[in-house]
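Data from run39.csv: CSV, N, CA and C atoms and all ligand atoms
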chain,number,residue,atom,x,y,z
A,42,VAL,N,-104.9,110.7,204.1
A,42,VAL,CA,-105.9,111.7,204.0
A,42,VAL,C,-105.4,112.9,203.0
A,43,ASP,N,-106.2,113.3,202.1
A,43,ASP,CA,-105.8,114.4,201.2
A,43,ASP,C,-106.3,115.7,201.9
A,44,CYS,N,-105.4,116.3,202.6
A,44,CYS,CA,-105.8,117.4,203.5
A,44,CYS,C,-104.7,118.5,203.4
A,45,ILE,N,-105.2,119.8,203.0
A,45,ILE,CA,-104.3,120.8,202.8
A,45,ILE,C,-103.5,121.2,204.1
A,46,PHE,N,-104.1,121.1,205.2
A,46,PHE,CA,-103.4,121.5,206.5
A,46,PHE,C,-102.4,120.4,206.9
A,47,CYS,N,-102.7,119.1,206.6
A,47,CYS,CA,-101.7,118.1,206.8
A,47,CYS,C,-100.5,118.4,205.9
A,48,LYS,N,-100.7,118.8,204.6
A,48,LYS,CA,-99.6,119.1,203.7
A,48,LYS,C,-98.8,120.3,204.2
A,49,ILE,N,-99.5,121.3,204.7
A,49,ILE,CA,-98.8,122.5,205.3
A,49,ILE,C,-98.0,122.0,206.5
A,50,ALA,N,-98.6,121.2,207.4
A,50,ALA,CA,-97.9,120.7,208.6
A,50,ALA,C,-96.7,119.9,208.2
A,51,ALA,N,-96.8,119.1,207.1
A,51,ALA,CA,-95.7,118.3,206.6
A,51,ALA,C,-94.6,119.1,205.8
A,52,GLY,N,-94.9,120.3,205.5
A,52,GLY,CA,-94.0,121.2,204.8
A,52,GLY,C,-94.0,121.0,203.3
A,53,THR,N,-95.0,120.3,202.8
A,53,THR,CA,-95.1,120.1,201.3
A,53,THR,C,-96.0,121.2,200.6
A,54,LEU,N,-96.7,122.0,201.4
A,54,LEU,CA,-97.4,123.1,200.9
A,54,LEU,C,-97.0,124.3,201.7
A,55,PRO,N,-96.6,125.4,201.1
A,55,PRO,CA,-96.1,126.6,201.8
A,55,PRO,C,-97.2,127.3,202.6
A,56,ALA,N,-96.7,128.0,203.7
A,56,ALA,CA,-97.6,128.8,204.5
A,56,ALA,C,-96.7,129.8,205.3
A,57,ARG,N,-97.3,130.9,205.7
A,57,ARG,CA,-96.6,131.8,206.6
A,57,ARG,C,-96.7,131.3,208.0
A,58,GLU,N,-95.7,130.8,208.5
A,58,GLU,CA,-95.8,130.2,209.9
A,58,GLU,C,-95.4,131.2,211.0
A,59,PHE,N,-96.3,131.2,212.0
A,59,PHE,CA,-96.1,132.0,213.2
A,59,PHE,C,-95.5,131.2,214.4
A,60,TYR,N,-95.8,129.9,214.4
A,60,TYR,CA,-95.3,129.1,215.5
A,60,TYR,C,-95.4,127.6,215.0
A,61,ARG,N,-94.4,126.9,215.5
A,61,ARG,CA,-94.4,125.4,215.2
A,61,ARG,C,-93.6,124.7,216.3
A,62,ASP,N,-94.2,123.6,216.7
A,62,ASP,CA,-93.5,122.6,217.5
A,62,ASP,C,-93.9,121.2,217.0
A,63,ASP,N,-93.6,120.2,217.8
A,63,ASP,CA,-93.9,118.8,217.3
A,63,ASP,C,-95.4,118.6,217.2
A,64,GLU,N,-96.2,119.3,218.1
A,64,GLU,CA,-97.6,119.1,218.2
A,64,GLU,C,-98.5,120.1,217.6
A,65,LEU,N,-98.0,121.4,217.5
A,65,LEU,CA,-98.9,122.5,217.2
A,65,LEU,C,-98.2,123.4,216.1
A,66,LEU,N,-99.1,124.0,215.3
A,66,LEU,CA,-98.7,124.8,214.2
A,66,LEU,C,-99.6,126.0,214.1
A,67,ALA,N,-99.1,127.2,213.9
A,67,ALA,CA,-99.9,128.4,213.7
A,67,ALA,C,-99.4,129.1,212.4
A,68,ILE,N,-100.4,129.3,211.5
A,68,ILE,CA,-100.1,129.9,210.2
A,68,ILE,C,-101.0,131.1,210.0
A,69,ALA,N,-100.6,132.0,209.1
A,69,ALA,CA,-101.5,133.1,208.6
A,69,ALA,C,-102.6,132.5,207.7
A,70,ASP,N,-103.8,132.9,207.9
A,70,ASP,CA,-104.9,132.6,207.0
A,70,ASP,C,-104.7,133.2,205.6
A,71,ILE,N,-104.9,132.4,204.6
A,71,ILE,CA,-104.6,132.9,203.2
A,71,ILE,C,-105.6,133.9,202.8
A,72,ASP,N,-106.8,134.0,203.4
A,72,ASP,CA,-107.8,135.0,203.1
A,72,ASP,C,-108.2,135.7,204.4
A,73,PRO,N,-107.4,136.6,204.9
A,73,PRO,CA,-107.5,137.1,206.3
A,73,PRO,C,-108.8,138.0,206.4
A,74,GLN,N,-109.5,137.8,207.5
A,74,GLN,CA,-110.7,138.5,207.8
A,74,GLN,C,-110.5,139.6,208.8
A,75,ALA,N,-109.3,139.8,209.2
A,75,ALA,CA,-108.8,140.8,210.2
A,75,ALA,C,-107.4,141.1,209.9
A,76,PRO,N,-106.8,142.2,210.3
A,76,PRO,CA,-105.4,142.5,210.1
A,76,PRO,C,-104.5,141.3,210.6
A,77,LEU,N,-104.9,140.8,211.8
A,77,LEU,CA,-104.3,139.5,212.2
A,77,LEU,C,-105.3,138.4,212.2
A,78,HIS,N,-105.0,137.4,211.3
A,78,HIS,CA,-105.9,136.2,211.2
A,78,HIS,C,-105.0,135.0,211.1
A,79,LEU,N,-104.9,134.3,212.3
A,79,LEU,CA,-104.1,133.1,212.3
A,79,LEU,C,-104.9,131.9,212.4
A,80,LEU,N,-104.4,130.8,212.0
A,80,LEU,CA,-105.0,129.4,212.2
A,80,LEU,C,-104.1,128.6,213.0
A,81,VAL,N,-104.6,128.2,214.2
A,81,VAL,CA,-103.8,127.4,215.1
A,81,VAL,C,-104.3,126.0,215.1
A,82,MET,N,-103.4,125.0,214.8
A,82,MET,CA,-103.9,123.6,214.6
A,82,MET,C,-102.9,122.6,215.2
A,83,PRO,N,-103.5,121.5,215.6
A,83,PRO,CA,-102.6,120.3,215.9
A,83,PRO,C,-102.0,119.9,214.6
A,84,VAL,N,-100.7,119.4,214.7
A,84,VAL,CA,-100.0,118.9,213.6
A,84,VAL,C,-100.8,117.6,213.2
A,85,LYS,N,-101.1,116.8,214.2
A,85,LYS,CA,-101.9,115.5,213.9
A,85,LYS,C,-103.3,115.9,213.4
A,86,HIS,N,-103.7,115.1,212.4
A,86,HIS,CA,-105.0,115.3,211.8
A,86,HIS,C,-106.2,114.9,212.7
A,87,TYR,N,-107.0,115.9,213.1
A,87,TYR,CA,-108.3,115.6,213.7
A,87,TYR,C,-109.3,116.4,212.8
A,88,ALA,N,-110.4,115.8,212.4
A,88,ALA,CA,-111.3,116.5,211.5
A,88,ALA,C,-112.0,117.7,212.1
A,89,ASN,N,-112.2,117.6,213.4
A,89,ASN,CA,-112.9,118.7,214.1
A,89,ASN,C,-112.7,118.6,215.6
A,90,ILE,N,-113.2,119.5,216.4
A,90,ILE,CA,-113.0,119.6,217.8
A,90,ILE,C,-113.6,118.4,218.5
A,91,VAL,N,-114.7,117.8,218.0
A,91,VAL,CA,-115.3,116.7,218.6
A,91,VAL,C,-114.4,115.5,218.6
A,92,GLU,N,-113.7,115.3,217.4
A,92,GLU,CA,-112.7,114.2,217.3
A,92,GLU,C,-111.6,114.4,218.3
A,93,LEU,N,-111.1,115.6,218.5
A,93,LEU,CA,-110.0,115.8,219.5
A,93,LEU,C,-110.5,115.4,220.9
A,94,ILE,N,-111.6,115.9,221.3
A,94,ILE,CA,-112.1,115.7,222.6
A,94,ILE,C,-112.4,114.2,222.8
A,95,ASP,N,-113.1,113.6,221.8
A,95,ASP,CA,-113.4,112.1,221.9
A,95,ASP,C,-112.1,111.3,221.9
A,96,ALA,N,-111.0,111.8,221.4
A,96,ALA,CA,-109.8,111.0,221.5
A,96,ALA,C,-109.1,111.1,222.9
A,97,GLY,N,-109.7,111.9,223.7
A,97,GLY,CA,-109.2,112.1,225.1
A,97,GLY,C,-107.9,112.9,225.2
A,98,GLU,N,-107.7,113.7,224.1
A,98,GLU,CA,-106.4,114.5,224.0
A,98,GLU,C,-106.5,115.8,224.8
A,99,SER,N,-106.7,115.7,226.2
A,99,SER,CA,-107.0,116.9,226.9
A,99,SER,C,-105.7,117.7,227.1
A,100,ALA,N,-104.6,117.1,227.2
A,100,ALA,CA,-103.4,117.9,227.3
A,100,ALA,C,-103.1,118.7,226.1
A,101,LEU,N,-103.3,118.0,224.9
A,101,LEU,CA,-103.1,118.7,223.6
A,101,LEU,C,-104.1,119.8,223.5
A,102,ALA,N,-105.3,119.5,223.9
A,102,ALA,CA,-106.4,120.5,223.7
A,102,ALA,C,-106.0,121.8,224.6
A,103,ALA,N,-105.5,121.5,225.8
A,103,ALA,CA,-105.1,122.7,226.6
A,103,ALA,C,-104.0,123.5,226.0
A,104,ARG,N,-103.0,122.8,225.5
A,104,ARG,CA,-101.8,123.5,224.9
A,104,ARG,C,-102.3,124.3,223.7
A,105,TRP,N,-103.2,123.7,222.9
A,105,TRP,CA,-103.7,124.3,221.7
A,105,TRP,C,-104.4,125.6,222.0
A,106,LEU,N,-105.3,125.5,223.0
A,106,LEU,CA,-106.1,126.7,223.4
A,106,LEU,C,-105.1,127.8,224.0
A,107,ALA,N,-104.1,127.3,224.8
A,107,ALA,CA,-103.2,128.3,225.4
A,107,ALA,C,-102.4,129.0,224.3
A,108,LEU,N,-101.9,128.3,223.3
A,108,LEU,CA,-101.2,128.9,222.2
A,108,LEU,C,-102.0,129.9,221.5
A,109,ALA,N,-103.2,129.6,221.1
A,109,ALA,CA,-104.1,130.5,220.4
A,109,ALA,C,-104.4,131.7,221.3
A,110,SER,N,-104.6,131.5,222.5
A,110,SER,CA,-104.9,132.7,223.4
A,110,SER,C,-103.7,133.6,223.5
A,111,LYS,N,-102.5,133.0,223.6
A,111,LYS,CA,-101.2,133.8,223.7
A,111,LYS,C,-101.0,134.6,222.5
A,112,LEU,N,-101.2,134.0,221.3
A,112,LEU,CA,-101.0,134.7,220.0
A,112,LEU,C,-102.1,135.8,219.9
A,113,GLY,N,-103.3,135.5,220.3
A,113,GLY,CA,-104.3,136.5,220.2
A,113,GLY,C,-104.0,137.7,221.2
A,114,ALA,N,-103.6,137.4,222.4
A,114,ALA,CA,-103.3,138.4,223.3
A,114,ALA,C,-102.1,139.3,222.9
A,115,GLU,N,-101.1,138.7,222.3
A,115,GLU,CA,-100.0,139.4,221.8
A,115,GLU,C,-100.4,140.3,220.6
A,116,GLY,N,-101.1,139.6,219.6
A,116,GLY,CA,-101.5,140.4,218.4
A,116,GLY,C,-102.5,141.5,218.7
A,117,GLY,N,-103.4,141.2,219.7
A,117,GLY,CA,-104.5,142.1,220.0
A,117,GLY,C,-104.0,143.3,220.8
A,118,GLY,N,-102.8,143.2,221.4
A,118,GLY,CA,-102.1,144.3,222.0
A,118,GLY,C,-103.0,145.0,223.1
A,119,GLY,N,-103.7,144.2,223.9
A,119,GLY,CA,-104.6,144.7,224.9
A,119,GLY,C,-105.9,145.1,224.5
A,120,ALA,N,-106.1,145.2,223.2
A,120,ALA,CA,-107.5,145.7,222.7
A,120,ALA,C,-108.4,144.5,222.4
A,121,GLY,N,-107.9,143.3,222.7
A,121,GLY,CA,-108.8,142.1,222.6
A,121,GLY,C,-108.6,141.4,221.3
A,122,PHE,N,-109.3,140.2,221.2
A,122,PHE,CA,-109.2,139.3,220.1
A,122,PHE,C,-110.3,138.4,220.1
A,123,ARG,N,-110.4,137.5,219.1
A,123,ARG,CA,-111.5,136.5,219.1
A,123,ARG,C,-110.9,135.2,218.7
A,124,LEU,N,-111.3,134.1,219.4
A,124,LEU,CA,-111.0,132.7,219.0
A,124,LEU,C,-112.3,132.0,218.5
A,125,VAL,N,-112.2,131.4,217.3
A,125,VAL,CA,-113.4,130.7,216.7
A,125,VAL,C,-113.0,129.3,216.2
A,126,VAL,N,-113.8,128.4,216.5
A,126,VAL,CA,-113.7,127.0,215.9
A,126,VAL,C,-115.0,126.7,215.2
A,127,ASN,N,-115.0,126.9,213.9
A,127,ASN,CA,-116.1,126.5,213.0
A,127,ASN,C,-116.1,125.0,213.0
A,128,THR,N,-117.3,124.4,213.1
A,128,THR,CA,-117.5,122.9,213.1
A,128,THR,C,-118.6,122.5,212.3
A,129,GLY,N,-118.4,121.7,211.3
A,129,GLY,CA,-119.4,121.1,210.5
A,129,GLY,C,-120.1,122.1,209.5
A,130,ALA,N,-121.1,121.6,208.9
A,130,ALA,CA,-121.8,122.4,207.8
A,130,ALA,C,-122.4,123.7,208.4
A,131,ASN,N,-123.2,123.6,209.4
A,131,ASN,CA,-123.8,124.8,210.0
A,131,ASN,C,-122.8,125.7,210.7
A,132,GLY,N,-121.7,125.1,211.1
A,132,GLY,CA,-120.7,125.9,211.8
A,132,GLY,C,-119.8,126.7,210.8
A,133,GLY,N,-120.0,126.3,209.5
A,133,GLY,CA,-119.2,127.0,208.4
A,133,GLY,C,-117.8,126.5,208.2
A,134,GLN,N,-117.6,125.3,208.7
A,134,GLN,CA,-116.2,124.7,208.5
A,134,GLN,C,-116.0,124.3,207.1
A,135,THR,N,-114.9,124.8,206.5
A,135,THR,CA,-114.5,124.5,205.1
A,135,THR,C,-113.3,123.6,204.9
A,136,VAL,N,-112.5,123.6,206.0
A,136,VAL,CA,-111.3,122.7,205.9
A,136,VAL,C,-111.4,121.7,207.1
A,137,ASP,N,-111.5,120.4,206.8
A,137,ASP,CA,-111.7,119.4,207.8
A,137,ASP,C,-110.5,118.9,208.5
A,138,HIS,N,-109.7,119.9,208.9
A,138,HIS,CA,-108.5,119.6,209.8
A,138,HIS,C,-108.6,120.7,210.9
A,139,LEU,N,-108.9,120.2,212.1
A,139,LEU,CA,-109.2,121.1,213.2
A,139,LEU,C,-108.2,122.3,213.3
A,140,HIS,N,-108.8,123.5,213.5
A,140,HIS,CA,-108.0,124.7,213.6
A,140,HIS,C,-108.8,125.7,214.4
A,141,LEU,N,-108.1,126.5,215.1
A,141,LEU,CA,-108.7,127.7,215.8
A,141,LEU,C,-108.4,128.9,215.0
A,142,HIS,N,-109.4,129.7,214.7
A,142,HIS,CA,-109.1,131.0,214.1
A,142,HIS,C,-108.8,132.0,215.2
A,143,VAL,N,-107.7,132.8,215.1
A,143,VAL,CA,-107.3,133.9,215.9
A,143,VAL,C,-107.5,135.2,215.1
A,144,LEU,N,-108.5,136.0,215.6
A,144,LEU,CA,-108.8,137.2,214.9
A,144,LEU,C,-108.5,138.4,215.8
A,145,ALA,N,-107.7,139.4,215.3
A,145,ALA,CA,-107.3,140.5,216.1
A,145,ALA,C,-107.0,141.7,215.2
A,146,GLU,N,-106.8,142.9,215.9
A,146,GLU,CA,-106.4,144.1,215.3
A,146,GLU,C,-107.5,144.9,214.6
A,147,ARG,N,-108.7,144.5,214.8
A,147,ARG,CA,-109.9,145.4,214.4
A,147,ARG,C,-111.0,145.0,215.3
A,148,ALA,N,-112.0,145.9,215.4
A,148,ALA,CA,-113.2,145.6,216.2
A,148,ALA,C,-114.1,144.7,215.3
A,149,LEU,N,-114.5,143.6,215.9
A,149,LEU,CA,-115.3,142.6,215.2
A,149,LEU,C,-116.7,142.7,215.6
A,150,GLY,N,-117.6,142.4,214.6
A,150,GLY,CA,-119.0,142.5,214.8
A,150,GLY,C,-119.5,141.2,215.5
A,151,TRP,N,-120.7,141.3,216.1
A,151,TRP,CA,-121.4,140.2,216.8
A,151,TRP,C,-122.9,140.6,216.7
A,152,PRO,N,-123.8,139.6,216.4
A,152,PRO,CA,-123.6,138.2,216.2
A,152,PRO,C,-123.0,137.9,214.8
A,153,PRO,N,-122.5,136.7,214.7
A,153,PRO,CA,-121.9,136.3,213.4
A,153,PRO,C,-123.1,136.1,212.4
A,154,GLY,N,-122.7,136.1,211.1
A,154,GLY,CA,-123.7,136.0,210.0
A,154,GLY,C,-124.2,134.5,209.9
B,1,LIG,P1,-112.9,127.1,208.2
B,1,LIG,O1,-113.8,127.7,207.1
B,1,LIG,O2,-112.7,125.6,208.0
B,1,LIG,O3,-113.3,127.5,209.6
B,1,LIG,O4,-111.5,127.8,208.0
B,1,LIG,C1,-110.7,127.4,206.9
B,1,LIG,C2,-109.7,128.6,206.7
B,1,LIG,O5,-108.6,128.1,206.0
B,1,LIG,C3,-110.3,129.7,205.9
B,1,LIG,O6,-110.3,130.9,206.7
B,1,LIG,C4,-109.4,129.8,204.7
B,1,LIG,O7,-109.2,131.1,204.3
B,1,LIG,C5,-108.2,129.1,205.1
B,1,LIG,N1,-107.4,128.4,204.1
B,1,LIG,C6,-107.9,127.6,203.1
B,1,LIG,N2,-106.9,127.2,202.4
B,1,LIG,C7,-105.8,127.7,202.9
B,1,LIG,C8,-104.4,127.5,202.5
B,1,LIG,O8,-104.1,126.8,201.5
B,1,LIG,N3,-103.5,128.2,203.3
B,1,LIG,C9,-103.9,128.9,204.3
B,1,LIG,N4,-102.9,129.6,205.0
B,1,LIG,N5,-105.1,129.1,204.7
B,1,LIG,C10,-106.1,128.5,204.0
B,2,ZN,ZN,-105.2,117.1,208.0
Final structure tokens representation of the file:
Amino acid sequence: VDCIFCKIAAGTLPAREFYRDDELLAIADIDPQAPLHLLVMPVKHYANIVELIDAGESALAARWLALASKLGAEGGGGAGFRLVVNTGANGGQTVDHLHLHVLAERALGWPPG
């Protein structure tokens, strides 16, 4: 698969890494929409959240969500944060390697555009 996040996970494309283990990777978004904008992803390629769930990867899904929540809570410093998983065309997904956006350190608007 020709996938930029697989390349970042493999270390062949650079990124500012916030967390890495065998299964999970957190990097800074290259075009941040908040002072803290991280992307938390499985190292293994899943195109979207439906693929992860359909694969029955519930333990990985739980670890993934827990890591994103932890990083958001830390970065948000008690003032809150937002987790987002854009999925498909209407969801605004532009990179087809599953990732959670962690947005923090400013007040975010709602509803989304
Ligand atoms: P999506 O639109 O799929 O929900 O989110 C993709 C995100 O990946 C966007 O916020 C975009 O700024 C970010 N992004 C795209 N290419 C790169 C890259 O090469 N490196 C990093 N760190 N982020 C990227
Ligand atoms: Zn990938």
Practice item. Pick out the closest residue to ligand ZN 2 (chain B) from this set: A:Gly97, A:Gly150, A:Gly113, A:Pro83. Count only C-alpha atoms and all ligand atoms. Key: A:Pro83
**Study point:** Computed interatomic separation between atom C of Ala75 of chain A and atom N of Pro152 of chain A (Å)
**Key:**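 Between these atoms lies a distance of 17.7 Å.
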Please list as a PDB file with N, CA and C atoms, in the frame of the given file every residue within 10 Å of Leu149 of chain A, counting only C-alpha atoms and excluding residues in the same chain fewer than 6 positions away.
ATOM      1  N   GLN A  74    -109.500 137.800 207.500  1.00  0.00           N
ATOM      2  CA  GLN A  74    -110.700 138.500 207.800  1.00  0.00           C
ATOM      3  C   GLN A  74    -110.500 139.600 208.800  1.00  0.00           C
ATOM      4  N   ALA A  75    -109.300 139.800 209.200  1.00  0.00           N
ATOM      5  CA  ALA A  75    -108.800 140.800 210.200  1.00  0.00           C
ATOM      6  C   ALA A  75    -107.400 141.100 209.900  1.00  0.00           C
ATOM      7  N   GLY A 121    -107.900 143.300 222.700  1.00  0.00           N
ATOM      8  CA  GLY A 121    -108.800 142.100 222.600  1.00  0.00           C
ATOM      9  C   GLY A 121    -108.600 141.400 221.300  1.00  0.00           C
ATOM     10  N   PHE A 122    -109.300 140.200 221.200  1.00  0.00           N
ATOM     11  CA  PHE A 122    -109.200 139.300 220.100  1.00  0.00           C
ATOM     12  C   PHE A 122    -110.300 138.400 220.100  1.00  0.00           C
ATOM     13  N   ARG A 123    -110.400 137.500 219.100  1.00  0.00           N
ATOM     14  CA  ARG A 123    -111.500 136.500 219.100  1.00  0.00           C
ATOM     15  C   ARG A 123    -110.900 135.200 218.700  1.00  0.00           C
TER      16      ARG A 123
END
**Study point:** Nearest to ligand LIG 1 (chain B), chosen from A:Asp70, A:Glu115, A:Glu98, A:Glu92, with only C-alpha atoms and all ligand atoms counted in the distances
**Key:** A:Asp70
Can you check which parts of chain A lie within 6 Å of ligand ZN 2 (chain B)? Per residue, the shortest pair of atoms and distance in Å to one decimal, counting all atoms listed in the file, sorted by chain and number, as JSON lines.
{"residue": "A:Cys44", "atom": "CA", "partner": "B:ZN2", "partner_atom": "ZN", "distance": 4.5}
{"residue": "A:Ile45", "atom": "N", "partner": "B:ZN2", "partner_atom": "ZN", "distance": 5.7}
{"residue": "A:Phe46", "atom": "C", "partner": "B:ZN2", "partner_atom": "ZN", "distance": 4.5}
{"residue": "A:Cys47", "atom": "N", "partner": "B:ZN2", "partner_atom": "ZN", "distance": 3.5}
{"residue": "A:Lys48", "atom": "N", "partner": "B:ZN2", "partner_atom": "ZN", "distance": 5.9}
{"residue": "A:Lys85", "atom": "C", "partner": "B:ZN2", "partner_atom": "ZN", "distance": 5.8}
{"residue": "A:His86", "atom": "CA", "partner": "B:ZN2", "partner_atom": "ZN", "distance": 4.2}
{"residue": "A:Tyr87", "atom": "N", "partner": "B:ZN2", "partner_atom": "ZN", "distance": 5.5}
{"residue": "A:Asp137", "atom": "C", "partner": "B:ZN2", "partner_atom": "ZN", "distance": 5.6}
{"residue": "A:His138", "atom": "CA", "partner": "B:ZN2", "partner_atom": "ZN", "distance": 4.5}
**Study point:** Every residue of segment 108-141 of chain A that DSSP places in strand (DSSP E), as a list in words
**Key:**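 Those in segment 108-141 of chain A that DSSP calls strand (DSSP E) are Phe122, Arg123, Leu124, Val125 and Leu141 of chain A.
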Study note, to complete from the structure: Across A:Leu66, A:Leu101, A:Val136, A:Ala130, the smallest distance to ligand LIG 1 (chain B), with all atoms listed in the file counted, is shown by A:Val136
Review point. Could you list, as a PyMOL selection string, all the residues within 6 Å of ligand LIG 1 (chain B), counting all atoms listed in the file?
Key: chain A and resi 56-57+68-73+126-127+133-137
**Study point:** atom C of Asp63 of chain A to atom C of Leu141 of chain A, distance in Å rounded to a single decimal
**Key:**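 Atom-to-atom, atom C of Asp63 of chain A and atom C of Leu141 of chain A are spaced 16.7 Å apart.
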Among chain A, which residues carry a DSSP assignment of helix (DSSP H, G or I), reported as a CSV table (one decimal) with N, CA and C atoms, in the frame of the given file?
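Generated output (out_31.csv):
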chain,number,residue,atom,x,y,z
A,45,ILE,N,-105.2,119.8,203.0
A,45,ILE,CA,-104.3,120.8,202.8
A,45,ILE,C,-103.5,121.2,204.1
A,46,PHE,N,-104.1,121.1,205.2
A,46,PHE,CA,-103.4,121.5,206.5
A,46,PHE,C,-102.4,120.4,206.9
A,47,CYS,N,-102.7,119.1,206.6
A,47,CYS,CA,-101.7,118.1,206.8
A,47,CYS,C,-100.5,118.4,205.9
A,48,LYS,N,-100.7,118.8,204.6
A,48,LYS,CA,-99.6,119.1,203.7
A,48,LYS,C,-98.8,120.3,204.2
A,49,ILE,N,-99.5,121.3,204.7
A,49,ILE,CA,-98.8,122.5,205.3
A,49,ILE,C,-98.0,122.0,206.5
A,50,ALA,N,-98.6,121.2,207.4
A,50,ALA,CA,-97.9,120.7,208.6
A,50,ALA,C,-96.7,119.9,208.2
A,51,ALA,N,-96.8,119.1,207.1
A,51,ALA,CA,-95.7,118.3,206.6
A,51,ALA,C,-94.6,119.1,205.8
A,90,ILE,N,-113.2,119.5,216.4
A,90,ILE,CA,-113.0,119.6,217.8
A,90,ILE,C,-113.6,118.4,218.5
A,91,VAL,N,-114.7,117.8,218.0
A,91,VAL,CA,-115.3,116.7,218.6
A,91,VAL,C,-114.4,115.5,218.6
A,92,GLU,N,-113.7,115.3,217.4
A,92,GLU,CA,-112.7,114.2,217.3
A,92,GLU,C,-111.6,114.4,218.3
A,93,LEU,N,-111.1,115.6,218.5
A,93,LEU,CA,-110.0,115.8,219.5
A,93,LEU,C,-110.5,115.4,220.9
A,94,ILE,N,-111.6,115.9,221.3
A,94,ILE,CA,-112.1,115.7,222.6
A,94,ILE,C,-112.4,114.2,222.8
A,95,ASP,N,-113.1,113.6,221.8
A,95,ASP,CA,-113.4,112.1,221.9
A,95,ASP,C,-112.1,111.3,221.9
A,99,SER,N,-106.7,115.7,226.2
A,99,SER,CA,-107.0,116.9,226.9
A,99,SER,C,-105.7,117.7,227.1
A,100,ALA,N,-104.6,117.1,227.2
A,100,ALA,CA,-103.4,117.9,227.3
A,100,ALA,C,-103.1,118.7,226.1
A,101,LEU,N,-103.3,118.0,224.9
A,101,LEU,CA,-103.1,118.7,223.6
A,101,LEU,C,-104.1,119.8,223.5
A,102,ALA,N,-105.3,119.5,223.9
A,102,ALA,CA,-106.4,120.5,223.7
A,102,ALA,C,-106.0,121.8,224.6
A,103,ALA,N,-105.5,121.5,225.8
A,103,ALA,CA,-105.1,122.7,226.6
A,103,ALA,C,-104.0,123.5,226.0
A,104,ARG,N,-103.0,122.8,225.5
A,104,ARG,CA,-101.8,123.5,224.9
A,104,ARG,C,-102.3,124.3,223.7
A,105,TRP,N,-103.2,123.7,222.9
A,105,TRP,CA,-103.7,124.3,221.7
A,105,TRP,C,-104.4,125.6,222.0
A,106,LEU,N,-105.3,125.5,223.0
A,106,LEU,CA,-106.1,126.7,223.4
A,106,LEU,C,-105.1,127.8,224.0
A,107,ALA,N,-104.1,127.3,224.8
A,107,ALA,CA,-103.2,128.3,225.4
A,107,ALA,C,-102.4,129.0,224.3
A,108,LEU,N,-101.9,128.3,223.3
A,108,LEU,CA,-101.2,128.9,222.2
A,108,LEU,C,-102.0,129.9,221.5
A,109,ALA,N,-103.2,129.6,221.1
A,109,ALA,CA,-104.1,130.5,220.4
A,109,ALA,C,-104.4,131.7,221.3
A,110,SER,N,-104.6,131.5,222.5
A,110,SER,CA,-104.9,132.7,223.4
A,110,SER,C,-103.7,133.6,223.5
A,111,LYS,N,-102.5,133.0,223.6
A,111,LYS,CA,-101.2,133.8,223.7
A,111,LYS,C,-101.0,134.6,222.5
A,112,LEU,N,-101.2,134.0,221.3
A,112,LEU,CA,-101.0,134.7,220.0
A,112,LEU,C,-102.1,135.8,219.9
A,113,GLY,N,-103.3,135.5,220.3
A,113,GLY,CA,-104.3,136.5,220.2
A,113,GLY,C,-104.0,137.7,221.2
A,114,ALA,N,-103.6,137.4,222.4
A,114,ALA,CA,-103.3,138.4,223.3
A,114,ALA,C,-102.1,139.3,222.9
A,115,GLU,N,-101.1,138.7,222.3
A,115,GLU,CA,-100.0,139.4,221.8
A,115,GLU,C,-100.4,140.3,220.6
A,116,GLY,N,-101.1,139.6,219.6
A,116,GLY,CA,-101.5,140.4,218.4
A,116,GLY,C,-102.5,141.5,218.7
A,117,GLY,N,-103.4,141.2,219.7
A,117,GLY,CA,-104.5,142.1,220.0
A,117,GLY,C,-104.0,143.3,220.8
A,129,GLY,N,-118.4,121.7,211.3
A,129,GLY,CA,-119.4,121.1,210.5
A,129,GLY,C,-120.1,122.1,209.5
A,130,ALA,N,-121.1,121.6,208.9
A,130,ALA,CA,-121.8,122.4,207.8
A,130,ALA,C,-122.4,123.7,208.4
A,131,ASN,N,-123.2,123.6,209.4
A,131,ASN,CA,-123.8,124.8,210.0
A,131,ASN,C,-122.8,125.7,210.7
A,132,GLY,N,-121.7,125.1,211.1
A,132,GLY,CA,-120.7,125.9,211.8
A,132,GLY,C,-119.8,126.7,210.8
Exercise for review: List the neighbours of Asn89 of chain A out to 6.5 Å using only N, CA and C atoms; skip same-chain residues closer than 4 positions along the sequence, and give me the result as a ChimeraX atom specification.
Suggested key: /A:93-94,128,137-140
Review point. Rounded to one decimal in Å, what is the spacing between atom C of Ala145 of chain A and atom N of Ser99 of chain A?
Key: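 A separation of 28.2 Å between them.
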All residues 7 Å or closer to His142 of chain A, only C-alpha atoms, same chain fewer than 2 positions away omitted, as a short mmCIF file (atom, residue, chain, number, x, y, z; two decimals) with N, CA and C atoms, keeping the file's coordinate frame:
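Resulting contents of result36.cif:
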data_model
loop_
_atom_site.label_atom_id
_atom_site.label_comp_id
_atom_site.auth_asym_id
_atom_site.auth_seq_id
_atom_site.Cartn_x
_atom_site.Cartn_y
_atom_site.Cartn_z
N HIS A 78 -105.00 137.40 211.30
CA HIS A 78 -105.90 136.20 211.20
C HIS A 78 -105.00 135.00 211.10
N LEU A 79 -104.90 134.30 212.30
CA LEU A 79 -104.10 133.10 212.30
C LEU A 79 -104.90 131.90 212.40
N LEU A 80 -104.40 130.80 212.00
CA LEU A 80 -105.00 129.40 212.20
C LEU A 80 -104.10 128.60 213.00
N VAL A 81 -104.60 128.20 214.20
CA VAL A 81 -103.80 127.40 215.10
C VAL A 81 -104.30 126.00 215.10
N LEU A 124 -111.30 134.10 219.40
CA LEU A 124 -111.00 132.70 219.00
C LEU A 124 -112.30 132.00 218.50
N VAL A 125 -112.20 131.40 217.30
CA VAL A 125 -113.40 130.70 216.70
C VAL A 125 -113.00 129.30 216.20
N VAL A 126 -113.80 128.40 216.50
CA VAL A 126 -113.70 127.00 215.90
C VAL A 126 -115.00 126.70 215.20
N HIS A 140 -108.80 123.50 213.50
CA HIS A 140 -108.00 124.70 213.60
C HIS A 140 -108.80 125.70 214.40
N LEU A 144 -108.50 136.00 215.60
CA LEU A 144 -108.80 137.20 214.90
C LEU A 144 -108.50 138.40 215.80
#
